[in-house]
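What follows is the content of entry_2.txt (compact mmCIF, C-alpha atoms and all ligand atoms).
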# COMPACT_ATOMS: atom_id res chain seq x y z
CA MET A 1 -2.59 19.33 -9.32
CA LYS A 2 -3.09 16.75 -12.11
CA ASP A 3 0.46 15.48 -11.61
CA LYS A 4 -0.21 15.06 -7.91
CA GLN A 5 -3.31 12.99 -8.67
CA LYS A 6 -1.30 10.80 -11.04
CA GLY A 7 1.50 10.64 -8.48
CA ALA A 8 -0.82 8.89 -6.03
CA LEU A 9 -0.72 5.83 -8.28
CA LEU A 10 2.70 6.17 -9.93
CA GLY A 11 4.43 6.84 -6.59
CA LEU A 12 2.70 3.80 -5.11
CA ALA A 13 3.77 1.64 -8.07
CA TRP A 14 7.36 2.92 -7.88
CA GLY A 15 7.64 2.18 -4.15
CA ASP A 16 6.30 -1.31 -4.85
CA ILE A 17 8.60 -1.95 -7.85
CA LEU A 18 11.68 -0.51 -6.13
CA GLY A 19 11.09 -2.52 -2.94
CA CYS A 20 10.29 -5.84 -4.64
CA PRO A 21 13.87 -7.12 -5.24
CA VAL A 22 14.50 -7.27 -1.47
CA GLU A 23 10.98 -7.99 -0.22
CA GLY A 24 11.12 -9.91 3.05
CA TRP A 25 14.91 -9.65 3.36
CA LYS A 26 16.61 -8.62 6.60
CA LYS A 27 18.79 -5.52 6.67
CA HIS A 28 22.06 -7.48 6.88
CA GLU A 29 20.99 -9.70 3.97
CA ILE A 30 20.47 -6.61 1.79
CA GLU A 31 23.91 -5.33 2.84
CA LEU A 32 25.59 -8.61 1.92
CA VAL A 33 24.26 -8.48 -1.65
CA TYR A 34 23.94 -4.77 -2.40
CA GLY A 35 26.05 -2.94 0.21
CA THR A 36 23.57 -0.06 0.26
CA TYR A 37 20.58 -0.67 -2.01
CA ARG A 38 20.51 2.59 -4.00
CA GLU A 39 18.33 2.01 -7.06
CA LEU A 40 16.41 -0.61 -8.99
CA PRO A 41 19.15 -2.87 -10.37
CA GLU A 42 19.49 -3.18 -14.15
CA ASP A 43 20.06 -6.92 -13.62
CA TYR A 44 19.91 -9.22 -10.64
CA LEU A 45 23.26 -10.10 -9.08
CA PHE A 46 22.44 -13.80 -9.23
CA ASP A 47 25.88 -14.96 -8.17
CA LYS A 48 25.54 -13.00 -4.91
CA ILE A 49 21.88 -13.74 -4.08
CA PRO A 50 21.39 -16.81 -1.83
CA ASP A 51 19.26 -19.63 -3.32
CA ASN A 52 16.54 -19.30 -0.69
CA LYS A 53 16.06 -15.65 -1.76
CA LYS A 54 16.07 -16.40 -5.48
CA ALA A 55 12.86 -18.40 -5.31
CA ARG A 56 10.79 -15.29 -4.56
CA LEU A 57 12.29 -12.85 -7.03
CA ARG A 58 10.10 -11.40 -9.76
CA PRO A 59 11.21 -9.89 -13.06
CA LEU A 60 12.70 -6.43 -12.43
CA GLY A 61 10.17 -3.67 -13.01
CA PHE A 62 7.15 -5.88 -12.31
CA HIS A 63 4.55 -4.47 -9.93
CA SER A 64 3.18 -6.74 -7.21
CA ASP A 65 -0.02 -7.11 -5.16
CA ASP A 66 0.20 -3.54 -3.80
CA THR A 67 -0.17 -1.96 -7.23
CA GLN A 68 -2.53 -4.49 -8.80
CA GLN A 69 -4.97 -4.15 -5.90
CA ALA A 70 -4.74 -0.36 -6.20
CA LEU A 71 -5.62 -0.70 -9.91
CA ALA A 72 -8.60 -2.88 -8.99
CA LEU A 73 -9.83 -0.23 -6.54
CA ILE A 74 -9.38 2.56 -9.09
CA TYR A 75 -11.18 0.49 -11.71
CA HIS A 76 -14.00 -0.22 -9.33
CA CYS A 77 -14.55 3.37 -8.17
CA LEU A 78 -14.48 4.77 -11.71
CA THR A 79 -16.87 2.12 -13.04
CA PHE A 80 -19.40 2.65 -10.29
CA GLU A 81 -18.77 6.38 -9.94
CA GLY A 82 -18.11 5.77 -6.30
CA TRP A 83 -18.27 2.89 -3.95
CA ASN A 84 -20.19 -0.36 -4.47
CA ARG A 85 -19.37 -3.10 -2.02
CA GLN A 86 -20.98 -5.94 -4.02
CA ALA A 87 -18.86 -5.03 -7.03
CA TRP A 88 -15.67 -4.88 -4.93
CA GLY A 89 -16.43 -8.35 -3.59
CA GLN A 90 -16.94 -9.58 -7.18
CA ILE A 91 -13.60 -8.18 -8.38
CA LEU A 92 -11.79 -9.85 -5.47
CA VAL A 93 -13.41 -13.21 -6.22
CA GLN A 94 -13.13 -13.01 -10.01
CA GLY A 95 -9.45 -12.04 -9.77
CA PHE A 96 -8.87 -15.10 -7.63
CA ILE A 97 -10.73 -17.44 -10.00
CA GLU A 98 -8.76 -16.08 -12.96
CA LYS A 99 -5.44 -16.34 -11.06
CA ALA A 100 -4.84 -12.62 -11.46
CA TRP A 101 -3.66 -11.94 -7.90
CA ARG A 102 -0.01 -12.49 -6.98
CA GLY A 103 2.12 -11.99 -3.90
CA ILE A 104 -1.02 -12.09 -1.75
CA GLY A 105 -1.05 -12.93 1.95
CA ARG A 106 -3.07 -15.53 3.77
CA ASN A 107 -5.51 -12.97 5.24
CA PHE A 108 -6.42 -11.74 1.77
CA VAL A 109 -6.84 -15.30 0.50
CA ALA A 110 -9.01 -16.30 3.48
CA ALA A 111 -11.26 -13.26 2.96
CA VAL A 112 -11.67 -14.02 -0.75
CA HIS A 113 -12.54 -17.65 0.05
CA ARG A 114 -15.28 -16.49 2.40
CA LEU A 115 -16.67 -14.21 -0.31
CA ARG A 116 -16.44 -16.98 -2.87
CA LYS A 117 -18.46 -19.31 -0.70
CA GLY A 118 -21.22 -16.70 -0.55
CA GLY A 119 -20.29 -15.28 2.85
CA LEU A 120 -21.75 -11.93 3.84
CA LEU A 121 -19.79 -8.91 2.59
CA LYS A 122 -19.86 -7.41 6.07
CA GLU A 123 -18.26 -10.53 7.54
CA SER A 124 -15.71 -11.51 4.91
CA GLY A 125 -12.66 -9.78 6.41
CA SER A 126 -9.86 -11.61 8.23
CA SER A 127 -8.68 -10.65 11.70
CA SER A 128 -5.69 -8.56 10.71
CA SER A 129 -4.32 -5.17 11.63
CA GLY A 130 -1.80 -5.44 8.81
CA ILE A 131 -1.00 -2.92 6.09
CA GLY A 132 -2.42 -5.00 3.21
CA ALA A 133 -5.26 -2.53 2.71
CA ALA A 134 -3.35 0.69 3.49
CA MET A 135 -1.01 -0.27 0.63
CA ARG A 136 -3.73 -0.04 -2.04
CA VAL A 137 -6.01 2.84 -0.97
CA GLY A 138 -3.84 5.91 -1.68
CA PRO A 139 -5.29 6.51 -5.18
CA LEU A 140 -8.78 6.75 -3.67
CA GLY A 141 -7.54 10.04 -2.24
CA ALA A 142 -6.87 11.15 -5.83
CA ILE A 143 -10.35 10.17 -7.05
CA PHE A 144 -12.18 11.71 -4.07
CA TYR A 145 -9.80 14.56 -3.25
CA ARG A 146 -12.30 17.40 -2.95
CA PRO A 147 -13.39 18.38 0.58
CA GLU A 148 -17.05 17.68 -0.30
CA GLN A 149 -16.08 14.10 -1.27
CA LYS A 150 -14.68 13.26 2.16
CA LYS A 151 -17.67 11.10 3.04
CA GLN A 152 -17.26 9.00 -0.10
CA LEU A 153 -13.53 8.73 0.51
CA LEU A 154 -14.10 7.48 4.05
CA GLN A 155 -16.75 5.00 3.02
CA ALA A 156 -14.82 3.55 0.07
CA THR A 157 -11.60 3.26 2.08
CA ILE A 158 -13.07 1.82 5.25
CA GLU A 159 -15.50 -0.64 3.66
CA SER A 160 -13.00 -1.91 1.05
CA THR A 161 -10.54 -2.45 3.90
CA LEU A 162 -12.94 -4.22 6.25
CA MET A 163 -13.89 -6.71 3.52
CA THR A 164 -10.33 -8.09 3.66
CA HIS A 165 -9.02 -6.76 7.02
CA ALA A 166 -11.83 -6.75 9.61
CA ASP A 167 -9.98 -4.61 12.11
CA GLN A 168 -10.48 -1.05 13.27
CA LEU A 169 -6.75 -0.27 13.23
CA ALA A 170 -6.36 -1.51 9.65
CA ALA A 171 -9.44 0.42 8.48
CA VAL A 172 -8.66 3.67 10.30
CA PHE A 173 -5.05 3.65 9.20
CA ALA A 174 -6.06 2.99 5.58
CA ALA A 175 -8.36 6.03 5.86
CA VAL A 176 -5.42 8.06 7.18
CA VAL A 177 -3.42 7.13 4.07
CA SER A 178 -6.11 7.96 1.50
CA TYR A 179 -7.03 11.19 3.31
CA THR A 180 -3.37 12.26 3.54
CA VAL A 181 -3.12 11.75 -0.23
CA SER A 182 -6.23 13.91 -0.79
CA LEU A 183 -4.80 16.70 1.41
CA PHE A 184 -1.45 16.80 -0.39
CA ILE A 185 -3.29 16.89 -3.72
CA GLN A 186 -5.23 19.91 -2.46
CA GLY A 187 -1.88 21.56 -1.79
CA PHE A 188 -1.70 21.58 2.00
CA SER A 189 1.70 21.71 3.71
CA VAL A 190 2.99 18.86 5.90
CA GLN A 191 2.14 20.85 9.01
CA GLU A 192 -1.40 21.54 7.81
CA VAL A 193 -1.90 17.91 6.79
CA TRP A 194 -0.93 16.62 10.24
CA GLU A 195 -3.13 19.17 11.97
CA LYS A 196 -6.10 18.00 9.91
CA LEU A 197 -5.29 14.33 10.40
CA HIS A 198 -6.09 14.40 14.08
CA SER A 199 -9.79 15.28 13.82
CA PHE A 200 -10.14 13.17 10.67
CA THR A 201 -8.78 10.11 12.47
CA LYS A 202 -11.32 10.57 15.25
CA GLU A 203 -14.03 10.73 12.59
CA ALA A 204 -12.72 7.52 10.95
CA GLU A 205 -12.71 5.79 14.35
CA LYS A 206 -16.32 6.82 14.92
CA GLN A 207 -17.36 5.70 11.45
CA THR A 208 -15.74 2.28 11.91
CA LYS A 209 -17.47 1.87 15.26
CA SER A 210 -20.80 2.70 13.69
CA LEU A 211 -20.19 0.09 10.96
CA ALA A 212 -19.54 -2.47 13.71
CA GLU A 213 -22.91 -1.51 15.19
CA GLN A 214 -24.46 -2.12 11.76
CA GLY A 215 -23.23 -5.71 11.73
CA TRP A 216 -19.79 -5.41 10.14
CA LYS A 217 -17.12 -7.68 11.56
CA VAL A 218 -14.63 -5.25 13.14
CA ASP A 219 -11.99 -6.32 15.68
CA HIS A 220 -10.89 -3.63 18.20
CA GLU A 221 -13.97 -1.66 17.14
CA ASN A 222 -13.89 0.75 20.03
CA ASN A 223 -10.51 2.34 20.56
CA GLN A 224 -8.54 5.50 19.84
CA LEU A 225 -5.15 3.96 19.33
CA ILE A 226 -4.48 5.45 15.89
CA SER A 227 -5.61 8.97 16.78
CA ASN A 228 -3.59 8.88 20.01
CA MET A 229 -0.55 7.54 18.20
CA LEU A 230 -0.74 10.18 15.47
CA GLU A 231 -0.98 12.92 18.06
CA GLN A 232 2.33 11.75 19.53
CA ALA A 233 3.93 11.02 16.16
CA MET A 234 3.30 14.57 14.97
CA GLU A 235 6.19 15.62 17.22
CA TRP A 236 8.58 13.16 15.59
CA ILE A 237 8.42 14.25 11.93
CA ASP A 238 11.64 16.25 11.89
CA LYS A 239 13.60 14.18 14.43
CA PRO A 240 16.60 12.16 13.19
CA ILE A 241 15.45 9.04 11.37
CA GLU A 242 16.93 6.61 13.92
CA VAL A 243 15.08 8.40 16.73
CA VAL A 244 11.83 8.21 14.77
CA ARG A 245 12.29 4.49 14.14
CA ASN A 246 12.99 3.82 17.81
CA GLN A 247 9.91 5.79 18.84
CA ILE A 248 7.75 3.82 16.41
CA SER A 249 9.05 0.50 17.76
CA GLU A 250 8.61 1.56 21.40
CA CYS A 251 5.06 2.77 20.88
CA ALA A 252 3.95 -0.24 18.82
CA ARG A 253 5.53 -2.91 21.04
CA PRO A 254 2.70 -3.17 23.62
CA TYR A 255 0.21 -3.80 20.80
CA LEU A 256 2.04 -6.46 18.81
CA ALA A 257 -0.05 -9.49 17.89
CA SER A 258 1.11 -12.75 19.43
CA GLY A 259 3.80 -14.33 17.33
CA PHE A 260 5.55 -11.05 16.56
CA THR A 261 8.97 -11.19 18.12
CA ARG A 262 10.40 -7.84 17.05
CA ALA A 263 8.85 -4.42 16.74
CA HIS A 264 10.70 -3.64 13.51
CA PRO A 265 9.50 -0.43 11.81
CA ASN A 266 9.07 -2.21 8.46
CA GLN A 267 6.87 -5.00 9.74
CA GLY A 268 3.43 -5.27 8.22
CA PHE A 269 1.48 -3.95 11.22
CA VAL A 270 -0.21 -0.55 10.84
CA LEU A 271 1.54 0.88 13.92
CA LEU A 272 4.92 -0.24 12.53
CA GLY A 273 5.17 -0.29 8.72
CA GLY A 274 2.14 1.96 8.29
CA LEU A 275 3.24 4.68 10.68
CA HIS A 276 6.83 4.41 9.44
CA ALA A 277 5.69 5.03 5.83
CA LEU A 278 3.54 8.00 6.85
CA LEU A 279 6.30 9.61 8.92
CA MET A 280 8.99 9.05 6.30
CA ALA A 281 6.78 10.51 3.55
CA SER A 282 6.26 13.58 5.74
CA ARG A 283 9.98 14.39 6.05
CA SER A 284 11.45 17.41 4.31
CA ASP A 285 15.18 16.72 4.73
CA LEU A 286 15.36 14.01 2.05
CA SER A 287 14.23 13.72 -1.57
CA PRO A 288 11.36 11.33 -2.35
CA HIS A 289 13.82 8.82 -3.81
CA GLN A 290 16.08 9.03 -0.74
CA ILE A 291 13.06 8.44 1.48
CA LEU A 292 12.08 5.25 -0.37
CA ILE A 293 15.68 4.04 -0.38
CA SER A 294 16.05 4.70 3.34
CA ILE A 295 12.89 2.65 4.01
CA ILE A 296 13.90 -0.21 1.73
CA ASN A 297 17.38 -0.63 3.23
CA GLU A 298 15.74 -1.46 6.57
CA GLY A 299 14.41 -4.71 5.11
CA TYR A 300 11.26 -6.70 6.02
CA ASP A 301 8.10 -5.56 4.19
CA THR A 302 10.06 -3.31 1.84
CA ASP A 303 7.70 -3.10 -1.13
CA THR A 304 4.57 -2.46 0.89
CA VAL A 305 6.00 0.16 3.24
CA ALA A 306 7.60 1.86 0.21
CA ALA A 307 4.30 1.67 -1.70
CA ILE A 308 2.47 3.49 1.12
CA ALA A 309 5.22 6.11 1.38
CA GLY A 310 5.27 6.32 -2.44
CA THR A 311 1.57 7.08 -2.84
CA ILE A 312 1.87 9.92 -0.29
CA LEU A 313 5.09 11.24 -1.88
CA GLY A 314 3.45 11.17 -5.31
CA ALA A 315 0.54 13.23 -4.00
CA ARG A 316 2.97 15.60 -2.29
CA TYR A 317 5.52 16.09 -5.08
CA GLY A 318 3.82 14.97 -8.33
CA ILE A 319 5.53 12.65 -10.81
CA ASP A 320 8.80 14.26 -11.97
CA TRP A 321 10.87 12.19 -9.54
CA ILE A 322 9.41 8.84 -10.64
CA PRO A 323 11.44 6.85 -13.24
CA ILE A 324 8.44 5.57 -15.16
CA ASP A 325 10.69 4.04 -17.84
CA ARG A 326 11.65 1.41 -15.25
CA PHE A 327 8.04 0.16 -14.96
CA TYR A 328 7.58 -3.06 -16.93
CA ASP A 329 3.89 -2.28 -17.56
CA ARG A 330 4.34 1.50 -17.92
CA GLU A 331 1.85 2.27 -20.73
CA ARG A 332 -0.94 0.65 -18.81
CA LEU A 333 -0.03 2.18 -15.44
CA LEU A 334 0.16 5.59 -17.13
CA LYS A 335 -3.37 5.07 -18.46
CA TYR A 336 -4.59 4.32 -14.96
CA ALA A 337 -2.81 7.42 -13.67
CA ASP A 338 -4.58 9.48 -16.36
CA ALA A 339 -7.86 7.89 -15.28
CA LEU A 340 -7.42 9.43 -11.83
CA VAL A 341 -7.63 12.81 -13.54
CA ASP A 342 -10.09 12.33 -16.42
CA GLN A 343 -12.16 9.55 -14.82
CA GLN A 344 -12.10 7.54 -18.07
CA ILE A 345 -12.01 3.79 -17.46
CA PRO A 346 -8.82 2.56 -19.16
CA GLU A 347 -9.81 -1.05 -20.00
CA THR A 348 -12.59 -3.57 -19.51
CA MET A 349 -12.72 -5.69 -16.39
CA SER A 350 -11.94 -8.83 -18.36
CA THR A 351 -8.88 -7.13 -19.91
CA PHE A 352 -7.75 -5.94 -16.48
CA LEU A 353 -7.95 -9.44 -15.05
CA SER A 354 -6.44 -11.18 -18.05
CA ILE A 355 -3.42 -8.84 -18.18
CA GLU A 356 -2.82 -9.22 -14.45
CA ALA A 357 -3.21 -13.01 -14.79
CA LYS A 358 -0.65 -12.99 -17.60
CA LEU A 359 1.83 -11.01 -15.48
CA THR A 360 1.23 -13.41 -12.59
CA GLN A 361 1.97 -16.36 -14.88
CA MET A 362 5.14 -14.65 -16.18
CA GLU A 363 6.29 -14.16 -12.59
CA LYS A 364 5.65 -17.84 -11.83
CA ASP A 365 7.54 -18.94 -14.94
CA PHE A 366 10.46 -16.69 -13.95
CA GLN A 367 10.56 -18.23 -10.47
CA GLN A 368 10.31 -21.73 -11.93
CA GLN A 369 13.28 -21.04 -14.20
CA LEU A 370 15.24 -19.70 -11.24
CA LYS A 371 14.47 -22.84 -9.24
CA SER A 372 15.58 -25.11 -12.03
CA GLY A 373 18.77 -23.09 -12.46
CA ASN A 374 17.95 -21.93 -16.00
CA ILE A 375 18.52 -18.26 -15.22
MG MG B 1 3.88 -6.65 -2.64

Show me this structure written as structure tokens.
Ligand SMILES: [Mg+2]
Amino acid sequence: MKDKQKGALLGLAWGDILGCPVEGWKKHEIELVYGTYRELPEDYLFDKIPDNKKARLRPLGFHSDDTQQALALIYHCLTFEGWNRQAWGQILVQGFIEKAWRGIGRNFVAAVHRLRKGGLLKESGSSSSGIGAAMRVGPLGAIFYRPEQKKQLLQATIESTLMTHADQLAAVFAAVVSYTVSLFIQGFSVQEVWEKLHSFTKEAEKQTKSLAEQGWKVDHENNQLISNMLEQAMEWIDKPIEVVRNQISECARPYLASGFTRAHPNQGFVLLGGLHALLMASRSDLSPHQILISIINEGYDTDTVAAIAGTILGARYGIDWIPIDRFYDRERLLKYADALVDQQIPETMSTFLSIEAKLTQMEKDFQQQLKSGNI
């Protein structure tokens, strides 16, 4: 059980780290450089990687926004022995001031700006049904895994999501991820997990609606899209992967935000990348590593979809499959994984932010060197 709790973070971090070298690439672009991308490279193949891709590379083994925001959430919940929305707002703002955050999207930045200007916590979130919150919440399911902690789990997941992503789909799907993690940690089978997910999702939809009634900004506050979708998706778990991916695209297409041209299963929309990660992590015909690799070779939002699948796989299988020696910041990530079990806060807030800021600066320097042709 302890390994499954730790796996919720280490699996997330591994999905993030493994997906980073091809983040935002198309499938054919990955094929041109790597053939099939099978593992974290020992070194970048700089002579094969196009210049426009080089500019966004980070040092191999570095974790990105997915993991650092998960660490912030873990830190926050352990410090406050639960959920405290003021404190979460403060971490988001302080991390921004200290330049700790990296790889962040415009919705996250816009939400933090609103908080920084003194905006109300209930109204800070951006209009986004993306997977930028689902990617970080898995470890909450390791902190609040006991059945009697379900209320805390729901509150922490939904409110922390709404403060950056003010959308019912984003919040409910994030709750699905953290609850799935808690169920695998308790030892339920895939079948049992999916059976429980249905009524849980309805509960999360109700809770989000009631927050909207209490003044929270929540787009799409009154719908059952996620619970309906999961009910259908339950039938797809063991279908061939290509069939699953087609089903995901077909079902998500009518709900794509304007500007989306393709319903690709690795796009950062909860009904695409989110559902894809959940379904892939529920498969039993592939090893955890094969699952992450299969996701990543599809391209698009590789690190984030793999991070969501990774947190679930870690909770399902523990940590033996995770090559922790490939993590650049392994000692520290291991301490955070231990903290999920023993609830001991691994470092002070100022240390957390200064280490993350240092890593962010190292990533920038690396990209600068690549741009100037020094690497
Ligand atoms: Mg990322």

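What separates atom CA of A:Gln186 from atom CA of A:Ala133 is a distance of 23.0 Å.
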
Check which residues fall inside 8 Å of ligand MG 1 (chain B) when counting all atoms listed in the file, and print them as a tab-separated table (two decimals) with C-alpha atoms, in the coordinates of the input.
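Okay, this is what ended up in result_26.tsv:
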chain	number	residue	atom	x	y	z
A	16	ASP	CA	6.30	-1.31	-4.85
A	20	CYS	CA	10.29	-5.84	-4.64
A	23	GLU	CA	10.98	-7.99	-0.22
A	63	HIS	CA	4.55	-4.47	-9.93
A	64	SER	CA	3.18	-6.74	-7.21
A	65	ASP	CA	-0.02	-7.11	-5.16
A	66	ASP	CA	0.20	-3.54	-3.80
A	67	THR	CA	-0.17	-1.96	-7.23
A	103	GLY	CA	2.12	-11.99	-3.90
A	104	ILE	CA	-1.02	-12.09	-1.75
A	303	ASP	CA	7.70	-3.10	-1.13
A	304	THR	CA	4.57	-2.46	0.89

(request) For atom CA of A:His289 and atom CA of A:Asn266, determine how far apart the two atoms are, in Å to one decimal place. (result) 17.2 Å

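The space between atom CA of A:Lys122 and atom CA of A:Val177 spans 22.0 Å.
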
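Comparing A:Lys239, A:Glu298, A:Ser126, A:Val190 by their smallest distance to A:Asp219, the closest is A:Ser126 (using only C-alpha atoms).
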
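Distance check against A:Ala257 using all atoms listed in the file: of A:Ser372, A:Ser129, A:Gln168, A:Asn107, the minimum falls on A:Ser129.
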
(request) Pick out the residues sitting within 12 Å of A:Glu31, and hand them over as a PyMOL selection string; count only C-alpha atoms, and ignore anything fewer than 3 positions along from it in its own chain. (result) chain A and resi 22+25-28+34-38+48-49+296-299

Write a file of the selected residues as an mmCIF file, in the coordinates of the input, keeping C-alpha atoms.
data_model
loop_
_atom_site.group_PDB
_atom_site.id
_atom_site.type_symbol
_atom_site.label_atom_id
_atom_site.label_comp_id
_atom_site.auth_asym_id
_atom_site.auth_seq_id
_atom_site.Cartn_x
_atom_site.Cartn_y
_atom_site.Cartn_z
ATOM 1 C CA VAL A 22 14.500 -7.270 -1.470
ATOM 2 C CA TRP A 25 14.910 -9.650 3.360
ATOM 3 C CA LYS A 26 16.610 -8.620 6.600
ATOM 4 C CA LYS A 27 18.790 -5.520 6.670
ATOM 5 C CA HIS A 28 22.060 -7.480 6.880
ATOM 6 C CA TYR A 34 23.940 -4.770 -2.400
ATOM 7 C CA GLY A 35 26.050 -2.940 0.210
ATOM 8 C CA THR A 36 23.570 -0.060 0.260
ATOM 9 C CA TYR A 37 20.580 -0.670 -2.010
ATOM 10 C CA ARG A 38 20.510 2.590 -4.000
ATOM 11 C CA LYS A 48 25.540 -13.000 -4.910
ATOM 12 C CA ILE A 49 21.880 -13.740 -4.080
ATOM 13 C CA ILE A 296 13.900 -0.210 1.730
ATOM 14 C CA ASN A 297 17.380 -0.630 3.230
ATOM 15 C CA GLU A 298 15.740 -1.460 6.570
ATOM 16 C CA GLY A 299 14.410 -4.710 5.110
#

(message) Please list as number ranges by chain every residue within 9 Å of A:Gly187, counting only C-alpha atoms and excluding residues in the same chain fewer than 5 positions away.
(response) A: 1, 182, 315-316
